[in-house]
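Visitor: I have a structure here, written as structure tokens, and I will follow up with some questions on it.
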Amino acid sequence: MANENLKDIHFDILKEIGNIGAGNAATALAQLLNKKIDMNVPKVNILPINEIPKVFGNIEDLVVAVYMQLSGRISGNILFVLGEQDALKLLNMLVGQDIDSLSKLDEMQKSAMVEIGNIITGSYISALSDFIRIPMIPSVPAISIDMLGAVLSTPLTEMYYKGDTALLIETKFMDYKDHFKGHFILIPDPKSIEVMFTALGVNYNGGG
Amino acid sequence: MEVVKVGMADLKIAFSPQILTTLGLGSCVGVVLYDPFIKLGGMAHIMLPSSKQIKNNSNKAKFADTAIDMLVEKMLDAGAVKTRLISKIAGGAQMFSFKGNNEIMKIGERNVRAVKEHLARHSIKLVAEDVEGKYGRTIEFFTETGVLKIRTIGHGYKEL
């Protein structure tokens with residue numbers, strides 16, 4: 001059941017899982033902002049946990065992260081991470097204000113940010129859940145605005161309880177016109193990856 | 001001056017005039033050990049309180065118990081004397097607040113407690129700390145002077 005047993009076919013399926021979830025999430029975001037939102041082909045990577053922050057940028061970059069934990073038969077972590085400028089663009093589009101610094105966000109603006117994360121994550125999970133026909137239960141979303149490394153430390157610590165490496169299904173959202181982009185990452189627990197493949201009728205240990 | 005970078009779940013030692021640094025401590029704790037007599041510093045970036053709660057524990061630098069043991073050993077191998085060692089620590093914040101009682105969110109607090117416990121076990125004096133709170137920290141330790149500088153985003157600057 002280790003991540004190391006995964007073969008090409010499994011990576012392809014995980015990419016497809018990312019595609020289905022992110023496709024739905026991009027549509028939700030597009031409706032929310034009334035803009036065209038593109039997304040890239042999901043990337044699936046197995047990384048040592050302490051190297052995960054580098055996927056998002058520099059350790060000291062100021063970011064906004066909305067974080068949820070999944071529980072139930074499919075458990076894991078979900079992160080929606082935006083750089084400072086991207087978060088401000090998104091927020092200004094949404095609330096029609098001109099906020100110029102993340103450190104000046106009031107409670108209202110913070111909860112708007114959480115709500116964006118919530119909508120994106122919710123649509124991702126519901127598409128995924130329909131596809132594999134297993135209900136997925138997300139926690140209440142939590143937000144943190146600080147240095148990338150610091151923000152990610154708590155979710156990464158949580159992952160360390162399951163292993164030294166983690167499998168990331170990463171999708172980038174972007175709006176070319178306004179140069180806005182964001183990262184969405186699903187990190188299923190090793191055990192849940194097996195549950196997903198079984199639900200999809202894919203042989204996991206026998207070589208696909 | 002040469003800067004020695006300590007990554008997440010990593011530990012290193014350095015002699016004067018080198019600077020030890022670790023970036024973006026959140027719930028993690030940065031532990032500095034210092035032998036002022038030979039100006040040797042050591043730094044660990046700890047993520048979890050105990051190696052005993054986890055099955056996959058190949059990287060010993062990420063736990064408070066095993067990282068402090070390793071760091072002390074490295075310092076002594078490089079010529080430090082245990083009774084001269086002092087310590088400064090920073091980090092252990094709570095970066096997210098979930099509604100309800102979520103144990104994983106208190107990981108910062110538990111890390112700080114574990115670090116203090118294991119420093120005490122080695123009889124190493126904790127001379128300064130900047131811990132907990134709700135914000136990230138980047139730390140730099142100057143082996144020449146023994147000063148620990150702490151930078152944050154929006155929560156000020158400190159020297160310990």
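Every chain in the structure tokens has a letter given in the order shown (A, B, ...), and although residue numbers restart at 1 in each chain, ligands are simply numbered from 1 in the order shown.
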Please identify all residues of chain A having at least one atom at most 7 Å from any atom of chain B, considering only C-alpha atoms, and return them as a ChimeraX atom specification.

Guide: /A:50,59-60,103,140,142-144,146-151,153-154,157-158,161,163-164

Visitor: For the residues in that selection, give me N, CA and C atoms as an mmCIF file, in the first residue's frame.

Guide:
data_model
loop_
_atom_site.group_PDB
_atom_site.id
_atom_site.type_symbol
_atom_site.label_atom_id
_atom_site.label_comp_id
_atom_site.auth_asym_id
_atom_site.auth_seq_id
_atom_site.Cartn_x
_atom_site.Cartn_y
_atom_site.Cartn_z
ATOM 1 N N ASN A 50 8.898 17.311 3.554
ATOM 2 C CA ASN A 50 9.543 18.607 3.791
ATOM 3 C C ASN A 50 9.902 19.342 2.501
ATOM 4 N N ILE A 59 9.827 29.836 0.615
ATOM 5 C CA ILE A 59 9.382 29.594 1.993
ATOM 6 C C ILE A 59 8.880 30.859 2.689
ATOM 7 N N GLU A 60 9.506 31.994 2.382
ATOM 8 C CA GLU A 60 9.123 33.222 3.094
ATOM 9 C C GLU A 60 8.086 34.061 2.360
ATOM 10 N N SER A 103 -2.049 42.175 4.886
ATOM 11 C CA SER A 103 -2.001 42.359 6.334
ATOM 12 C C SER A 103 -3.102 43.298 6.819
ATOM 13 N N VAL A 140 -14.526 21.935 8.564
ATOM 14 C CA VAL A 140 -14.744 23.367 8.389
ATOM 15 C C VAL A 140 -13.421 23.958 7.882
ATOM 16 N N ALA A 142 -10.226 26.374 7.374
ATOM 17 C CA ALA A 142 -9.482 27.310 8.222
ATOM 18 C C ALA A 142 -8.560 28.112 7.330
ATOM 19 N N ILE A 143 -8.295 29.331 7.716
ATOM 20 C CA ILE A 143 -7.462 30.204 6.885
ATOM 21 C C ILE A 143 -6.212 30.631 7.648
ATOM 22 N N SER A 144 -5.133 30.817 6.913
ATOM 23 C CA SER A 144 -3.923 31.373 7.505
ATOM 24 C C SER A 144 -3.261 32.277 6.481
ATOM 25 N N ASP A 146 0.275 34.133 6.061
ATOM 26 C CA ASP A 146 1.613 34.307 6.651
ATOM 27 C C ASP A 146 2.649 33.762 5.671
ATOM 28 N N MET A 147 3.879 33.537 6.167
ATOM 29 C CA MET A 147 4.938 32.967 5.332
ATOM 30 C C MET A 147 4.533 31.560 4.890
ATOM 31 N N LEU A 148 4.818 31.261 3.632
ATOM 32 C CA LEU A 148 4.455 29.956 3.073
ATOM 33 C C LEU A 148 4.861 28.777 3.962
ATOM 34 N N GLY A 149 6.118 28.757 4.369
ATOM 35 C CA GLY A 149 6.611 27.635 5.173
ATOM 36 C C GLY A 149 5.850 27.490 6.481
ATOM 37 N N ALA A 150 5.588 28.641 7.115
ATOM 38 C CA ALA A 150 4.902 28.634 8.407
ATOM 39 C C ALA A 150 3.466 28.138 8.255
ATOM 40 N N VAL A 151 2.806 28.632 7.210
ATOM 41 C CA VAL A 151 1.417 28.270 6.959
ATOM 42 C C VAL A 151 1.289 26.764 6.698
ATOM 43 N N SER A 153 3.263 24.418 7.701
ATOM 44 C CA SER A 153 3.848 23.524 8.698
ATOM 45 C C SER A 153 2.819 22.622 9.373
ATOM 46 N N THR A 154 1.643 23.164 9.656
ATOM 47 C CA THR A 154 0.639 22.352 10.349
ATOM 48 C C THR A 154 0.092 21.222 9.473
ATOM 49 N N THR A 157 2.790 18.597 9.111
ATOM 50 C CA THR A 157 2.954 17.809 10.323
ATOM 51 C C THR A 157 1.899 16.707 10.371
ATOM 52 N N GLU A 158 0.685 17.086 10.044
ATOM 53 C CA GLU A 158 -0.426 16.126 10.002
ATOM 54 C C GLU A 158 -0.086 14.960 9.046
ATOM 55 N N TYR A 161 2.242 11.992 10.152
ATOM 56 C CA TYR A 161 1.721 10.872 10.932
ATOM 57 C C TYR A 161 1.447 9.669 10.034
ATOM 58 N N GLY A 163 3.318 9.043 6.996
ATOM 59 C CA GLY A 163 4.484 8.600 6.236
ATOM 60 C C GLY A 163 5.475 9.722 6.011
ATOM 61 N N ASP A 164 6.594 9.426 5.362
ATOM 62 C CA ASP A 164 7.618 10.438 5.101
ATOM 63 C C ASP A 164 7.427 11.123 3.754
#

Visitor: With only C-alpha atoms as the counted atoms, please give the residues lying no more than 7 Å from B:Ile124, apart from itself and same-chain residues fewer than 5 positions off, as a PyMOL selection string.

Guide: chain B and resi 85-87+119

Visitor: Just C-alpha atoms for this one: save the residues we selected as a JSON list (two decimals), in the first residue's frame.

Guide:
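Dumped everything to result-v5.json:
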[["chain", "number", "residue", "atom", "x", "y", "z"],
["B", 85, "LEU", "CA", 25.75, 24.52, 26.27],
["B", 86, "ILE", "CA", 22.90, 27.01, 26.37],
["B", 87, "SER", "CA", 19.74, 27.07, 24.29],
["B", 119, "LEU", "CA", 16.48, 20.23, 26.83]]

Visitor: Closest to A:Leu186 among A:Gly23, A:Gly83, A:Pro48, A:Gly76, using only C-alpha atoms?

Guide: A:Gly76

Visitor: Measure the distance from atom CA of A:Leu200 to atom CA of A:Ile13 in Å and round it to one decimal.

Guide: 9.4 Å

Visitor: Return the single residue from A:Ser111, A:Asn19, A:Gln69, A:Thr165 that is closest to A:Pro138, with distances computed using only C-alpha atoms.

Guide: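 The answer is A:Gln69, which sits nearest to A:Pro138.
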
Visitor: Applying 8 Å and only C-alpha atoms, which residues near A:Lys15 remain after dropping the ones on its own chain fewer than 3 positions away? List them as a list in words.

Guide: Phe11, Asp12, Gly18, Asn19, Val41, Pro42, Lys43, Val44 and Ile169 of chain A

Visitor: Would you output that residue set with C-alpha atoms, as a compact mmCIF listing (two decimals), in the first residue's frame?

Guide:
# COMPACT_ATOMS: atom_id res chain seq x y z
CA PHE A 11 -0.70 8.25 -12.11
CA ASP A 12 -2.93 8.67 -15.17
CA GLY A 18 -7.66 15.79 -10.38
CA ASN A 19 -9.13 16.83 -13.71
CA VAL A 41 -3.47 19.47 -16.54
CA PRO A 42 -3.15 18.22 -12.98
CA LYS A 43 0.29 17.14 -11.84
CA VAL A 44 0.66 14.09 -9.67
CA ILE A 169 -2.60 15.99 -6.93

Visitor: Pick out the closest residue to B:Thr66 from this set: B:Lys88, B:Lys158, B:Lys52, B:Lys116. Count only C-alpha atoms.

Guide: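 The shortest atom-to-atom distance to B:Thr66 comes from B:Lys52.
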
Visitor: Select from chain B everything DSSP, run on the backbone, classes as helix (DSSP H, G or I), then give the selection as a VMD selection string.

Guide: chain B and resid 51 to 53 60 to 62 64 to 77 82 to 84 103 to 121

Visitor: Please produce an output containing C-alpha atoms for each residue in the selection, written as a tab-separated table (two decimals), in the first residue's frame.

Guide:
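Ended up saving to part_16.tsv:
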chain	number	residue	atom	x	y	z
B	51	SER	CA	9.36	9.88	17.51
B	52	LYS	CA	7.52	7.33	19.59
B	53	GLN	CA	4.05	8.15	18.21
B	60	LYS	CA	15.24	11.72	13.16
B	61	ALA	CA	15.73	15.47	12.73
B	62	LYS	CA	11.99	16.10	12.64
B	64	ALA	CA	11.94	16.94	19.38
B	65	ASP	CA	13.33	13.92	21.24
B	66	THR	CA	15.61	12.46	18.57
B	67	ALA	CA	16.63	15.80	17.02
B	68	ILE	CA	17.86	17.22	20.32
B	69	ASP	CA	19.81	14.01	21.01
B	70	MET	CA	21.40	14.20	17.56
B	71	LEU	CA	22.18	17.89	17.79
B	72	VAL	CA	23.83	17.51	21.22
B	73	GLU	CA	25.90	14.63	19.89
B	74	LYS	CA	27.04	16.62	16.84
B	75	MET	CA	27.99	19.58	19.02
B	76	LEU	CA	30.02	17.39	21.38
B	77	ASP	CA	31.73	15.65	18.44
B	82	LYS	CA	27.94	19.77	27.47
B	83	THR	CA	27.96	21.84	30.66
B	84	ARG	CA	28.72	24.97	28.63
B	103	GLU	CA	-5.64	18.33	18.49
B	104	ILE	CA	-3.52	18.74	15.36
B	105	MET	CA	-4.04	22.51	15.57
B	106	LYS	CA	-2.32	22.56	18.95
B	107	ILE	CA	0.79	20.93	17.56
B	108	GLY	CA	2.85	24.11	18.09
B	109	GLU	CA	2.17	24.11	21.81
B	110	ARG	CA	2.99	20.42	22.08
B	111	ASN	CA	6.24	20.92	20.15
B	112	VAL	CA	7.35	23.67	22.54
B	113	ARG	CA	6.54	21.54	25.58
B	114	ALA	CA	8.46	18.56	24.16
B	115	VAL	CA	11.50	20.68	23.25
B	116	LYS	CA	11.70	22.11	26.78
B	117	GLU	CA	11.35	18.65	28.26
B	118	HIS	CA	14.21	17.23	26.21
B	119	LEU	CA	16.48	20.23	26.83
B	120	ALA	CA	15.88	19.69	30.54
B	121	ARG	CA	16.65	16.00	30.15

Visitor: Just give me the gap between atom CA of A:Ile185 and atom CA of B:Ala90 in Å, one decimal is fine.

Guide: 28.9 Å

Visitor: Between atom CA of A:Pro188 and atom CA of A:Ile119, what is the distance in Å, rounded to a tenth?

Guide: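 Pair atom CA of A:Pro188 / atom CA of A:Ile119 returns 19.3 Å.
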